[in-house]
Amino acid sequence: MLFINDPDHCSEHQLKTKQPMKTSLLKTPGRLKQICFKTALFLLFIFFAIKVNAQDPAQYGTPYANVPNPLDVNLYQVNIRPFSAAGNLAGVISRLDNIKALGTNVIYLMPVYPHGTDAKSTNSPYCIKDFNAVAAEYGSLADLRSLVDGAHSRGMAVIFDFVVNGSSWDHPWITQHPDWYNRDGSGNIQQLGPFADIAGFNFANTSLRTAIINAMRYWVFAANVDGFRCDYANNAPLDFWTQAISSLRSISTHKLLMFAEGDRRENMQSGFDFNFGDQFYYNALKKIALNGENVSEAITNSTNYEYALATGTQQVIRYIDNHDVNGSSEGNALAVFKGSAGVMANFLVCAYMRGVPFLYGGQEVAFNQQIFWPYTGVKINWSQNAGVSTEFTKVLQYRNASTAVRRGTMTSYADANVCAFTKTSGGEKVVVIVNLRNAAANYIIPAGMSGTYKDAYTGADRVLVSGASQSLTPFQYIVLTNTNAVSIGVTGITISPASIGLTVNGTQQITTTIAPSNATNKTVSYTSSNTSVATVNTAGLITALATGTATITATTQDGNKTAITTVTVNGSAATTYYQIVNRFVPGAYLYDSGNGKVSYGSNASGAAYQWSRVNAGGGFVLLRNRATGKFMNVENQNGTVEATTADATWYSAMWTITSAGDGWSYIQNRWQTTEWIHVENQSGSAQYAGAQAGWYSAMWQFVNPVTQ
């Protein structure tokens, strides 16, 4: 759950001791009374400590010894339901290697508890019926233990989502302990804030506090988890968190990470390791992206605010997406930050500037379908956008390798458009320059950045001259170092599929996988042994030209590793052409008007109104006009959909055909994922900007197929 800051209004809970019963004790000398009183308090403390610890189950497994320092955490969120086809813990276990390969060292697992089932409850993961059980939909306690064991064996800690503020209405506590809940003057249990499916807890009740703390301790022992992400942490009183965290930290066999899902700065004073970076997201990154906010002012103000009460190793979790943001009307990170390039630029600032980077599962493949509460209607497609995973891996792996990035002193050199800073630790210095605009920018190198460096990712030499102008493309980022360029060699390459059968004019996308996954340079080139039979472009798209066979070879940049696939071409392939008709304007068909634009008209005759769908791989298609051979694209961003001789590797010429219901589809661009073809403004030419789900003007059908 994500909530606005709710100031703590509960009074500090004070322990009160009973008056001694024997009046003779009151008449003893003052020193003796003081000793007896302290002894009584000590014994009372021991009694309650034993009572609480007596609730703990036997320790499962061996406590994980390598829980990272909060300064060194790379955090990965798993939303279990959409994470796999089955939506269970086994589906998470199957991807642990992938999560680790990104450079992750802590997994944050969303709630696994059974949810309420009565009339007031919902199937939200946060509507909890039993805090000490694993829901059958996710698996069993044994499955949870296997997940934690698997993460530990791969060098990753696991923190558990825990809800302290309320329960479902059919939780046994409702009838067993109604005094544990907030009640009105008539004794009726009250809901938690605006959440009708949650009955709100009464933190003034000491027994309720003990029960919650015991439930948290249970998972440390029963499943060997390494800490907690505490939902809606701003709501619970600060003295409760002090009590709970003190109890958890008393488990001396475990090093626990405590993450407050809240932006109340005083959470830090209660013992949390992390606060949630809501200020940084909403008042800095999002306003920069959507409102053109001054980069230097927004980032500086938010950082100063969030770290005002942080001490020692306490950090702010900095995100660009999570299950709440993703499932809201504002859209996911790809929408807010204008595509993958904007996502990576903003993620790099989160990862390198100050704080803990937070990656929401699915971001690493640029999964662009929103996952709405209660997270049951969508399954993440893990087979797409391998290049995006490579970018996230590069950023996180360098963070792991650089002491300056993780723990160094930051000096900001940001301006109105560019987030720029240095991080230093000992003799290591890292320079970071990030254009946070979806437009070109020029940045003047300050004296504090001048010097000779290496590119942190490639090792290439770079010199920064004070006063020089550094031109930056939209969302470009530059990371330089004076000492710690990471060069991780390639050990192998594979290609898929290993053999291909095509007909003439057919196409097939091939993919390569580099080992190890965190290799520094994954650039691959392709060649064909017989270009008269089949060609291959720089992106690995094969086009069949004539009958025969050809061998396609993929070669790593260093030239040391190769992989091949064999292409067999048979016969001639027929091409199917379609007319593309709009729902909002009946009888309006897209056509190549010959002036570089895609127009629409009602006289749907002739080859200019016919388009073929050419497979571009990865679920994307190129739309090629029969009359001109030109492709629809948005390369020049001139306000209208273009029809030009685009390169078939351009992402700006690639589209997804996504169902809009009732037999209609949206046509969405790969390069600019928020751009959909539509005719809303009735300008005579097809547009791409500002379309929304539900617009009939952005819905299309492919009709009247002709195959030749």
# chains A, B, ... in the order shown; residues from 1 in each chain; ligands from 1
call {"tool": "residues_around", "arguments": {"residues": "Pro111 in chain A", "least_positions_apart": "3", "cutoff": "7 Å", "atoms": "only C-alpha atoms", "output": "PyMOL selection string"}}
result
chain A and resi 125-126+161-162
call {"tool": "closest_residue", "arguments": {"among": "A:Asn275, A:Asp56, A:Ile371, A:Asn442", "to": "Ser469 in chain A", "atoms": "only C-alpha atoms"}}
result
A:Asn442
call {"tool": "closest_residue", "arguments": {"among": "A:Val106, A:Ile198, A:Ala515, A:Leu622", "to": "Ser124 in chain A", "atoms": "only C-alpha atoms"}}
result
A:Ile198
call {"tool": "closest_residue", "arguments": {"among": "A:Pro114, A:Gly377, A:Pro357, A:Pro194", "to": "His171 in chain A", "atoms": "only C-alpha atoms"}}
result
A:Pro114
call {"tool": "select_by_dssp", "arguments": {"residues": "range 106-260 of chain A", "states": "strand (DSSP E or B)", "output": "PDB file with C-alpha atoms, in the first residue's frame"}}
result
ATOM      1  CA  VAL A 106      18.038  -8.329  -1.475  1.00  0.00           C
ATOM      2  CA  ILE A 107      14.612  -9.585  -2.579  1.00  0.00           C
ATOM      3  CA  TYR A 108      11.503  -7.924  -1.178  1.00  0.00           C
ATOM      4  CA  LEU A 109       8.659 -10.449  -1.321  1.00  0.00           C
ATOM      5  CA  HIS A 115      -6.532 -13.128   2.550  1.00  0.00           C
ATOM      6  CA  ILE A 128      -4.839 -10.617   5.893  1.00  0.00           C
ATOM      7  CA  ALA A 157      18.792 -11.856   1.424  1.00  0.00           C
ATOM      8  CA  VAL A 158      14.968 -11.948   1.574  1.00  0.00           C
ATOM      9  CA  ILE A 159      12.785  -9.409   3.353  1.00  0.00           C
ATOM     10  CA  PHE A 160       9.137 -10.080   4.011  1.00  0.00           C
ATOM     11  CA  ASP A 161       6.196  -7.724   3.479  1.00  0.00           C
ATOM     12  CA  PHE A 162       4.449  -7.346   6.823  1.00  0.00           C
ATOM     13  CA  VAL A 163       1.195  -5.502   7.583  1.00  0.00           C
ATOM     14  CA  GLY A 166      -5.063  -4.038  10.516  1.00  0.00           C
ATOM     15  CA  SER A 167      -6.510  -7.369   9.450  1.00  0.00           C
ATOM     16  CA  TYR A 181      -9.195  -2.904  17.155  1.00  0.00           C
ATOM     17  CA  ARG A 183     -13.894   1.071  17.928  1.00  0.00           C
ATOM     18  CA  ILE A 189     -14.859  -1.938  15.029  1.00  0.00           C
ATOM     19  CA  GLN A 191     -12.039   0.310   9.238  1.00  0.00           C
ATOM     20  CA  LEU A 192      -8.460   1.443   8.598  1.00  0.00           C
ATOM     21  CA  PHE A 195      -9.770   0.920   3.298  1.00  0.00           C
ATOM     22  CA  ALA A 196     -13.117  -0.765   3.814  1.00  0.00           C
ATOM     23  CA  ASP A 197     -11.615  -4.263   3.622  1.00  0.00           C
ATOM     24  CA  ILE A 198      -9.262  -3.661   6.575  1.00  0.00           C
ATOM     25  CA  ALA A 199     -10.237  -3.504  10.264  1.00  0.00           C
ATOM     26  CA  GLY A 200      -7.865  -1.051  11.955  1.00  0.00           C
ATOM     27  CA  PHE A 201      -5.724  -2.048  14.943  1.00  0.00           C
ATOM     28  CA  GLY A 227      13.937  -8.535   7.731  1.00  0.00           C
ATOM     29  CA  PHE A 228      10.715  -6.772   6.859  1.00  0.00           C
ATOM     30  CA  ARG A 229       9.199  -4.198   4.573  1.00  0.00           C
ATOM     31  CA  CYS A 230       6.609  -2.676   6.889  1.00  0.00           C
ATOM     32  CA  ASP A 231       3.475  -1.637   5.037  1.00  0.00           C
ATOM     33  CA  LEU A 257      16.999  -5.202   7.506  1.00  0.00           C
ATOM     34  CA  MET A 258      14.029  -2.991   8.417  1.00  0.00           C
ATOM     35  CA  PHE A 259      12.311  -1.028   5.636  1.00  0.00           C
ATOM     36  CA  ALA A 260       9.572   1.513   6.427  1.00  0.00           C
TER      37      ALA A 260
END
call {"tool": "closest_residue", "arguments": {"among": "A:Thr494, A:Gln682, A:Asn294, A:Thr122", "to": "Arg437 in chain A", "atoms": "only C-alpha atoms"}}
result
A:Asn294
call {"tool": "residues_around", "arguments": {"residues": "Leu102 in chain A", "least_positions_apart": "2", "cutoff": "12 Å", "atoms": "only C-alpha atoms", "output": "PyMOL selection string"}}
result
chain A and resi 74-76+95-100+104-107+156+359+361+363-365+386+388-400+516-519
call {"tool": "closest_residue", "arguments": {"among": "A:Tyr688, A:Phe584, A:Tyr666, A:Trp611", "to": "Asn636 in chain A", "atoms": "only C-alpha atoms"}}
result
A:Tyr688
call {"tool": "residues_around", "arguments": {"residues": "Ala498 in chain A", "least_positions_apart": "6", "cutoff": "9 Å", "atoms": "only C-alpha atoms", "output": "PyMOL selection string"}}
result
chain A and resi 510+563-567
call {"tool": "residues_around", "arguments": {"residues": "Ser659 in chain A", "least_positions_apart": "2", "cutoff": "12 Å", "atoms": "only C-alpha atoms", "output": "PyMOL selection string"}}
result
chain A and resi 369+656-657+661-668+693-694+698-702
call {"tool": "atom_distance", "arguments": {"atom1": "CA of Thr555 in chain A", "atom2": "CA of Ser340 in chain A"}}
result
26.1 Å
call {"tool": "closest_residue", "arguments": {"among": "A:Thr645, A:Thr673, A:Gln508, A:Asn595", "to": "Phe367 in chain A", "atoms": "only C-alpha atoms"}}
result
A:Thr673
